[in-house]
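Beneath this line is the structure, given in structure tokens, with notes to follow.
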Amino acid sequence: MIPDETLLDPSLRQAINDAWENPEKENAVADLWKEIIPGVYSTQFFNLERLTDFRDYLEEVIKSQIPKRPPYGIQLNRYGIMLDPRSEGHLAAPNFQTFYNDMMNRYMRPIARLLLGTYGYDNQTFGFSIQYNPDKDKDLHAHTDASAATLNININLPDEEFTGSQVDFHDKTTGKIVQTIFEPGKAIIHRGDVPHATHPITSGQRSNLVVWLYGDHMQIPRANTSSYGSSDNSISKFDEPKNITAQQRWNIPDTPKDTFAPF
């Protein structure tokens with residue numbers, strides 16, 4: 001199979017396509033996302049009926065002779081792969097790169113602008129896959145991301161169960177920690193400056209795609225500025241910079257990709 005937009009959840013795909021045709025319909029996109037804490041949202045992102053095909057495709061690519069390297073970020077993840085062309089050893093299969101770029105341009109960027117107010121800090125992309133296992137790469141300590149927005153998508157199949165591997169998000173407005181668990185095809189989008197950590201996985205495996213947006217030369221919004229949206233899911237209450245309009249949110253930047261990468 002060739003990965004394409006049919007991998008996306010049908011409801012999300014329809015709402016996104018409608019918003020590209022008419023940005024004033026973007027509220028329907030926001031309505032699909034559930035707020036976990038301010039600056040952190042979740043939804044069904046991938047179509048469960050297509051996940052098996054996608055995983056089979058990735059397995060074939062991994063087994064191929066295409067050069068690739070695992071991500072060396074906060075810590076080494078031995079089973080992961082770099083996704084973005086700015087990274088040496090990235091997953092360079094042309095049809096995957098077409099899908100990756102479409103996912104970032106048509107889906108992630110406008111969603112991040114809509115929910116998180118990242119306009120102006122999202123021209124550049126970065127991505128990698130990760131896999132948590134009880135024997136290796138089993139957890140991740142508390143950290144923030146070098147991104148304006150992070151989209152973390154689980155690609156486990158419905159019958160690939162695991163225990164542990166809960167993700168903690170720290171609500172800086174209340175000081176509370178909110179815990180969530182990834183389900184097959186579910187995604188979490190969050191501001192890069194939201195502290196989060198992954199508990200040790202105790203059985204099974206958890207596989208995710210993680211993609212970031214940030215500005216040119218790796219610029220990200222400063223903490224505690226008004227660049228980010230409010231915790232309310234109403235578009236009209238978002239406190240975006242420069243009175244960004246719906247039409248501006250639903251466009252693709254024309255600036256070229258630079259060569260800066262977090263790792």
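As shown in the structure tokens, the chain order sets the letters A, B, ...; within each chain, residues go from 1, and ligands are also counted from 1 in the order they appear.
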Note to self: Using only C-alpha atoms, which protein or nucleic acid residues come within 6 Å of region 136-138 of chain A? Drop anything in the same chain fewer than 3 positions from it, and give the result as a list in words.
What the structure shows: Asn77, Tyr132, Asn133, Pro200 and Ile201 of chain A
Would you kindly return, as a PDB file with all heavy atoms, in the first residue's frame, each protein, DNA or RNA residue with an atom no farther than 7 Å from any atom of region 14-25 of chain A, considering only C-alpha atoms and excluding same-chain residues fewer than 2 positions away?
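Listed below is the output, around-v4.pdb:
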```pdb
ATOM      1  N   PRO A  10     -11.740   9.021   9.529  1.00  0.00           N
ATOM      2  CA  PRO A  10     -12.673   9.623   8.568  1.00  0.00           C
ATOM      3  C   PRO A  10     -13.289  10.943   9.048  1.00  0.00           C
ATOM      4  O   PRO A  10     -13.429  11.885   8.253  1.00  0.00           O
ATOM      5  CB  PRO A  10     -13.743   8.541   8.383  1.00  0.00           C
ATOM      6  CG  PRO A  10     -13.030   7.258   8.681  1.00  0.00           C
ATOM      7  CD  PRO A  10     -12.062   7.597   9.772  1.00  0.00           C
ATOM      8  N   SER A  11     -13.664  11.022  10.319  1.00  0.00           N
ATOM      9  CA  SER A  11     -14.281  12.258  10.813  1.00  0.00           C
ATOM     10  C   SER A  11     -13.288  13.412  10.798  1.00  0.00           C
ATOM     11  O   SER A  11     -13.623  14.536  10.392  1.00  0.00           O
ATOM     12  CB  SER A  11     -14.813  12.056  12.237  1.00  0.00           C
ATOM     13  OG  SER A  11     -15.842  11.087  12.257  1.00  0.00           O
ATOM     14  N   LEU A  12     -12.059  13.134  11.215  1.00  0.00           N
ATOM     15  CA  LEU A  12     -11.032  14.167  11.202  1.00  0.00           C
ATOM     16  C   LEU A  12     -10.706  14.572   9.773  1.00  0.00           C
ATOM     17  O   LEU A  12     -10.570  15.764   9.470  1.00  0.00           O
ATOM     18  CB  LEU A  12      -9.780  13.661  11.920  1.00  0.00           C
ATOM     19  CG  LEU A  12      -8.607  14.630  12.005  1.00  0.00           C
ATOM     20  CD1 LEU A  12      -8.975  15.861  12.825  1.00  0.00           C
ATOM     21  CD2 LEU A  12      -7.376  13.949  12.605  1.00  0.00           C
ATOM     22  N   ASN A  27     -14.194  25.356  13.244  1.00  0.00           N
ATOM     23  CA  ASN A  27     -14.703  24.935  14.548  1.00  0.00           C
ATOM     24  C   ASN A  27     -14.992  23.443  14.599  1.00  0.00           C
ATOM     25  O   ASN A  27     -14.861  22.816  15.660  1.00  0.00           O
ATOM     26  CB  ASN A  27     -15.969  25.713  14.901  1.00  0.00           C
ATOM     27  CG  ASN A  27     -15.663  27.108  15.415  1.00  0.00           C
ATOM     28  OD1 ASN A  27     -15.042  27.284  16.454  1.00  0.00           O
ATOM     29  ND2 ASN A  27     -16.091  28.105  14.658  1.00  0.00           N
ATOM     30  N   ALA A  28     -15.387  22.870  13.465  1.00  0.00           N
ATOM     31  CA  ALA A  28     -15.674  21.437  13.421  1.00  0.00           C
ATOM     32  C   ALA A  28     -14.416  20.615  13.681  1.00  0.00           C
ATOM     33  O   ALA A  28     -14.491  19.502  14.211  1.00  0.00           O
ATOM     34  CB  ALA A  28     -16.285  21.064  12.069  1.00  0.00           C
ATOM     35  N   VAL A  29     -13.256  21.156  13.314  1.00  0.00           N
ATOM     36  CA  VAL A  29     -11.992  20.483  13.590  1.00  0.00           C
ATOM     37  C   VAL A  29     -11.699  20.542  15.088  1.00  0.00           C
ATOM     38  O   VAL A  29     -11.368  19.536  15.717  1.00  0.00           O
ATOM     39  CB  VAL A  29     -10.833  21.125  12.793  1.00  0.00           C
ATOM     40  CG1 VAL A  29      -9.505  20.451  13.139  1.00  0.00           C
ATOM     41  CG2 VAL A  29     -11.105  21.034  11.295  1.00  0.00           C
ATOM     42  N   TYR A 107      -2.595  18.805   7.911  1.00  0.00           N
ATOM     43  CA  TYR A 107      -3.216  18.413   9.174  1.00  0.00           C
ATOM     44  C   TYR A 107      -2.572  19.085  10.375  1.00  0.00           C
ATOM     45  O   TYR A 107      -3.195  19.895  11.064  1.00  0.00           O
ATOM     46  CB  TYR A 107      -3.190  16.890   9.338  1.00  0.00           C
ATOM     47  CG  TYR A 107      -4.191  16.199   8.445  1.00  0.00           C
ATOM     48  CD1 TYR A 107      -3.914  15.989   7.091  1.00  0.00           C
ATOM     49  CD2 TYR A 107      -5.407  15.775   8.938  1.00  0.00           C
ATOM     50  CE1 TYR A 107      -4.830  15.373   6.263  1.00  0.00           C
ATOM     51  CE2 TYR A 107      -6.337  15.150   8.121  1.00  0.00           C
ATOM     52  CZ  TYR A 107      -6.042  14.958   6.781  1.00  0.00           C
ATOM     53  OH  TYR A 107      -6.961  14.364   5.964  1.00  0.00           O
ATOM     54  N   ALA A 246      -8.898  33.014  10.291  1.00  0.00           N
ATOM     55  CA  ALA A 246      -9.053  31.612   9.894  1.00  0.00           C
ATOM     56  C   ALA A 246      -8.369  31.361   8.554  1.00  0.00           C
ATOM     57  O   ALA A 246      -7.728  30.323   8.351  1.00  0.00           O
ATOM     58  CB  ALA A 246     -10.530  31.257   9.815  1.00  0.00           C
ATOM     59  N   GLN A 247      -8.482  32.307   7.633  1.00  0.00           N
ATOM     60  CA  GLN A 247      -7.853  32.133   6.320  1.00  0.00           C
ATOM     61  C   GLN A 247      -6.337  32.027   6.446  1.00  0.00           C
ATOM     62  O   GLN A 247      -5.693  31.279   5.699  1.00  0.00           O
ATOM     63  CB  GLN A 247      -8.219  33.309   5.399  1.00  0.00           C
ATOM     64  CG  GLN A 247      -9.636  33.270   4.845  1.00  0.00           C
ATOM     65  CD  GLN A 247     -10.685  33.611   5.902  1.00  0.00           C
ATOM     66  OE1 GLN A 247     -10.371  34.226   6.930  1.00  0.00           O
ATOM     67  NE2 GLN A 247     -11.927  33.231   5.641  1.00  0.00           N
ATOM     68  N   TRP A 250      -5.226  28.515   7.674  1.00  0.00           N
ATOM     69  CA  TRP A 250      -5.336  27.441   6.698  1.00  0.00           C
ATOM     70  C   TRP A 250      -4.563  27.794   5.432  1.00  0.00           C
ATOM     71  O   TRP A 250      -5.113  28.036   4.363  1.00  0.00           O
ATOM     72  CB  TRP A 250      -6.809  27.129   6.419  1.00  0.00           C
ATOM     73  CG  TRP A 250      -7.455  26.588   7.657  1.00  0.00           C
ATOM     74  CD1 TRP A 250      -8.023  27.291   8.667  1.00  0.00           C
ATOM     75  CD2 TRP A 250      -7.533  25.214   8.039  1.00  0.00           C
ATOM     76  NE1 TRP A 250      -8.460  26.459   9.667  1.00  0.00           N
ATOM     77  CE2 TRP A 250      -8.185  25.178   9.313  1.00  0.00           C
ATOM     78  CE3 TRP A 250      -7.136  24.019   7.444  1.00  0.00           C
ATOM     79  CZ2 TRP A 250      -8.421  23.980   9.986  1.00  0.00           C
ATOM     80  CZ3 TRP A 250      -7.379  22.829   8.110  1.00  0.00           C
ATOM     81  CH2 TRP A 250      -8.017  22.819   9.363  1.00  0.00           C
TER      82      TRP A 250
END
```
Distance table requested - region 82-123 of chain A against region 51-66 of chain A, cut-off 8 Å, only C-alpha atoms: one row per qualifying residue with the closest atom pair and its distance in Å to one decimal, ordered by chain and rising residue number, as CSV.
```
residue,atom,partner,partner_atom,distance
A:Leu91,CA,A:Ile66,CA,7.4
A:Ala92,CA,A:Ile66,CA,7.2
A:Ala93,CA,A:Val61,CA,7.5
```
I need the chosen residues saved as a tab-separated table (two decimals), in the first residue's frame, with C-alpha atoms.
```tsv
chain	number	residue	atom	x	y	z
A	91	LEU	CA	13.16	7.33	6.23
A	92	ALA	CA	13.66	8.44	2.64
A	93	ALA	CA	11.04	6.30	0.86
```
Checklist line | Option closest in space to Glu35 (chain A), from A:Arg222, A:Thr202, A:Thr180, A:Asp145 [counting only C-alpha atoms] | finding: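 Smallest separation from Glu35 (chain A) among the options: A:Thr180.
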Check: So which residues of region 58-219 of chain A fall under helix (DSSP H, G or I) by DSSP, listed as a PyMOL selection string?
Finding: chain A and resi 58-63+94-116+216-218
Next item on the list: Using backbone DSSP assignments, extract all strand (DSSP E) residues from region 14-255 of chain A; output them as number ranges by chain.
Entry: A: 34-37, 40-44, 124-132, 140-143, 149-154, 163-164, 167-170, 177-180, 186-191, 196-198, 201-203, 206-214
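Close contacts of Gln219 (chain A), defined as residues with an atom at most 10 Å away when counting only C-alpha atoms, with chain neighbours fewer than 6 positions off set aside, comprise Gly120, Tyr121, Asp122, Asn123, Gln124, Ala146, Ser147, Ala148 and Leu213 of chain A.
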Prev. selection, N, CA and C atoms, output as a PDB file, in the first residue's frame:
```
ATOM      1  N   GLY A 120       3.323  31.536  13.101  1.00  0.00           N
ATOM      2  CA  GLY A 120       4.581  32.273  13.139  1.00  0.00           C
ATOM      3  C   GLY A 120       5.736  31.482  13.718  1.00  0.00           C
ATOM      4  N   TYR A 121       5.421  30.342  14.313  1.00  0.00           N
ATOM      5  CA  TYR A 121       6.454  29.480  14.905  1.00  0.00           C
ATOM      6  C   TYR A 121       6.315  28.046  14.394  1.00  0.00           C
ATOM      7  N   ASP A 122       5.909  27.906  13.137  1.00  0.00           N
ATOM      8  CA  ASP A 122       5.592  26.555  12.651  1.00  0.00           C
ATOM      9  C   ASP A 122       5.989  26.323  11.199  1.00  0.00           C
ATOM     10  N   ASN A 123       6.949  27.098  10.701  1.00  0.00           N
ATOM     11  CA  ASN A 123       7.365  26.911   9.312  1.00  0.00           C
ATOM     12  C   ASN A 123       8.150  25.625   9.099  1.00  0.00           C
ATOM     13  N   GLN A 124       8.852  25.158  10.137  1.00  0.00           N
ATOM     14  CA  GLN A 124       9.773  24.038   9.997  1.00  0.00           C
ATOM     15  C   GLN A 124       9.228  22.781  10.669  1.00  0.00           C
ATOM     16  N   ALA A 146      11.744  20.830  22.236  1.00  0.00           N
ATOM     17  CA  ALA A 146      12.283  21.997  21.530  1.00  0.00           C
ATOM     18  C   ALA A 146      11.389  22.340  20.349  1.00  0.00           C
ATOM     19  N   SER A 147      10.097  22.425  20.607  1.00  0.00           N
ATOM     20  CA  SER A 147       9.115  22.638  19.550  1.00  0.00           C
ATOM     21  C   SER A 147       8.107  23.693  19.978  1.00  0.00           C
ATOM     22  N   ALA A 148       7.422  24.264  18.988  1.00  0.00           N
ATOM     23  CA  ALA A 148       6.242  25.072  19.284  1.00  0.00           C
ATOM     24  C   ALA A 148       5.066  24.149  19.563  1.00  0.00           C
ATOM     25  N   LEU A 213       6.689  20.935  15.180  1.00  0.00           N
ATOM     26  CA  LEU A 213       6.718  22.162  14.393  1.00  0.00           C
ATOM     27  C   LEU A 213       7.466  23.223  15.192  1.00  0.00           C
TER      28      LEU A 213
END
```
Next item on the list: Rounded to one decimal place, report the CA of Asp254 (chain A)-CA of Tyr214 (chain A) distance in Å.
Entry: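 Between CA of Asp254 (chain A) and CA of Tyr214 (chain A) the gap works out to 14.8 Å.
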List as an mmCIF file with all heavy atoms, in the first residue's frame the protein and nucleic acid residues near Phe260 (chain A), meaning an atom at most 9 Å away when only C-alpha atoms are counted, but skip any in the same chain fewer than 5 places from it.
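Printed below is result.cif as written:
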```
data_model
loop_
_atom_site.group_PDB
_atom_site.id
_atom_site.type_symbol
_atom_site.label_atom_id
_atom_site.label_comp_id
_atom_site.auth_asym_id
_atom_site.auth_seq_id
_atom_site.Cartn_x
_atom_site.Cartn_y
_atom_site.Cartn_z
ATOM 1 N N ARG A 86 15.561 16.676 6.918
ATOM 2 C CA ARG A 86 16.666 17.440 7.493
ATOM 3 C C ARG A 86 17.585 16.556 8.335
ATOM 4 O O ARG A 86 18.679 16.981 8.717
ATOM 5 C CB ARG A 86 16.136 18.596 8.352
ATOM 6 C CG ARG A 86 15.563 18.171 9.682
ATOM 7 C CD ARG A 86 14.997 19.356 10.473
ATOM 8 N NE ARG A 86 13.870 19.962 9.802
ATOM 9 C CZ ARG A 86 13.879 21.188 9.295
ATOM 10 N NH1 ARG A 86 14.942 21.943 9.413
ATOM 11 N NH2 ARG A 86 12.819 21.666 8.690
ATOM 12 N N GLN A 124 8.852 25.158 10.137
ATOM 13 C CA GLN A 124 9.773 24.038 9.997
ATOM 14 C C GLN A 124 9.228 22.781 10.669
ATOM 15 O O GLN A 124 8.486 22.856 11.647
ATOM 16 C CB GLN A 124 11.136 24.400 10.595
ATOM 17 C CG GLN A 124 11.749 25.672 10.022
ATOM 18 C CD GLN A 124 12.066 25.570 8.536
ATOM 19 O OE1 GLN A 124 12.349 24.474 8.023
ATOM 20 N NE2 GLN A 124 12.028 26.691 7.837
ATOM 21 N N ASP A 216 11.598 29.207 11.887
ATOM 22 C CA ASP A 216 12.903 29.248 11.229
ATOM 23 C C ASP A 216 14.003 29.371 12.272
ATOM 24 O O ASP A 216 13.865 30.062 13.285
ATOM 25 C CB ASP A 216 12.968 30.433 10.267
ATOM 26 C CG ASP A 216 11.976 30.294 9.117
ATOM 27 O OD1 ASP A 216 11.606 29.150 8.784
ATOM 28 O OD2 ASP A 216 11.566 31.338 8.557
ATOM 29 N N HIS A 217 15.106 28.674 12.024
ATOM 30 C CA HIS A 217 16.247 28.656 12.950
ATOM 31 C C HIS A 217 15.826 28.151 14.330
ATOM 32 O O HIS A 217 16.355 28.575 15.348
ATOM 33 C CB HIS A 217 16.898 30.034 13.052
ATOM 34 C CG HIS A 217 17.366 30.574 11.739
ATOM 35 N ND1 HIS A 217 18.550 30.183 11.152
ATOM 36 C CD2 HIS A 217 16.793 31.463 10.883
ATOM 37 C CE1 HIS A 217 18.702 30.812 9.997
ATOM 38 N NE2 HIS A 217 17.654 31.588 9.810
ATOM 39 N N MET A 218 14.836 27.259 14.349
ATOM 40 C CA MET A 218 14.373 26.589 15.567
ATOM 41 C C MET A 218 13.758 27.553 16.591
ATOM 42 O O MET A 218 13.808 27.326 17.794
ATOM 43 C CB MET A 218 15.501 25.775 16.217
ATOM 44 C CG MET A 218 15.928 24.582 15.386
ATOM 45 S SD MET A 218 17.186 23.562 16.220
ATOM 46 C CE MET A 218 16.265 23.087 17.692
#
```
Notebook entry, point to check: Which of these, A:Asp9, A:Asp84, A:Glu26, A:Asp139, has the shortest distance to Thr43 (chain A) once you count only C-alpha atoms?
Noted result: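 Using only C-alpha atoms, the shortest distance to Thr43 (chain A) belongs to A:Asp9.
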Note to self: I need the residue nearest Thr125 (chain A) from this list: A:Ile111, A:Ile81, A:Ala30, A:Val210. Use only C-alpha atoms for the distance.
What the structure shows: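 Nearest to Thr125 (chain A): A:Val210.
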Check: What is the distance between CA of Gly89 (chain A) and CA of Asn208 (chain A), in Å to one decimal?
Finding: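 CA of Gly89 (chain A) sits 18.5 Å away from CA of Asn208 (chain A).
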Closest atom pairs, residues of region 4-66 of chain A within 12 Å of region 170-179 of chain A, only C-alpha atoms, as a Markdown table:
```
| residue | atom | partner | partner_atom | distance |
| --- | --- | --- | --- | --- |
| A:Glu35 | CA | A:Val178 | CA | 11.3 |
| A:Ile36 | CA | A:Val178 | CA | 7.5 |
| A:Ile37 | CA | A:Asp171 | CA | 6.3 |
| A:Pro38 | CA | A:Asp171 | CA | 7.1 |
| A:Gly39 | CA | A:Asp171 | CA | 8.8 |
| A:Val40 | CA | A:Asp171 | CA | 9.3 |
```
Residues from last step as file, N, CA, C and O atoms, as a PDB file, in the first residue's frame:
```pdb
ATOM      1  N   GLU A  35      -9.772  18.374  25.406  1.00  0.00           N
ATOM      2  CA  GLU A  35      -8.717  18.990  26.201  1.00  0.00           C
ATOM      3  C   GLU A  35      -8.369  18.114  27.400  1.00  0.00           C
ATOM      4  O   GLU A  35      -9.248  17.691  28.151  1.00  0.00           O
ATOM      5  N   ILE A  36      -7.081  17.841  27.564  1.00  0.00           N
ATOM      6  CA  ILE A  36      -6.580  17.103  28.730  1.00  0.00           C
ATOM      7  C   ILE A  36      -6.226  18.090  29.837  1.00  0.00           C
ATOM      8  O   ILE A  36      -6.689  17.963  30.968  1.00  0.00           O
ATOM      9  N   ILE A  37      -5.371  19.051  29.508  1.00  0.00           N
ATOM     10  CA  ILE A  37      -5.091  20.220  30.341  1.00  0.00           C
ATOM     11  C   ILE A  37      -4.880  21.364  29.359  1.00  0.00           C
ATOM     12  O   ILE A  37      -4.784  21.135  28.146  1.00  0.00           O
ATOM     13  N   PRO A  38      -4.802  22.614  29.825  1.00  0.00           N
ATOM     14  CA  PRO A  38      -4.513  23.706  28.886  1.00  0.00           C
ATOM     15  C   PRO A  38      -3.253  23.441  28.079  1.00  0.00           C
ATOM     16  O   PRO A  38      -2.197  23.121  28.619  1.00  0.00           O
ATOM     17  N   GLY A  39      -3.379  23.534  26.762  1.00  0.00           N
ATOM     18  CA  GLY A  39      -2.240  23.309  25.881  1.00  0.00           C
ATOM     19  C   GLY A  39      -1.992  21.869  25.516  1.00  0.00           C
ATOM     20  O   GLY A  39      -1.001  21.564  24.849  1.00  0.00           O
ATOM     21  N   VAL A  40      -2.922  20.953  25.888  1.00  0.00           N
ATOM     22  CA  VAL A  40      -2.778  19.532  25.575  1.00  0.00           C
ATOM     23  C   VAL A  40      -4.143  18.989  25.166  1.00  0.00           C
ATOM     24  O   VAL A  40      -5.113  19.092  25.931  1.00  0.00           O
TER      25      VAL A  40
END
```
Margin query: Between A:Met103, A:Gly127, A:Gly215, A:Tyr41, which residue has the minimum interatomic distance to Lys257 (chain A), considering only C-alpha atoms?
Written below: A:Gly215
Notebook entry, point to check: So which residues touch Met82 (chain A) within 10 Å, counting only C-alpha atoms, skipping near sequence neighbours fewer than 3 positions away, as a count of residues only?
Noted result: 21
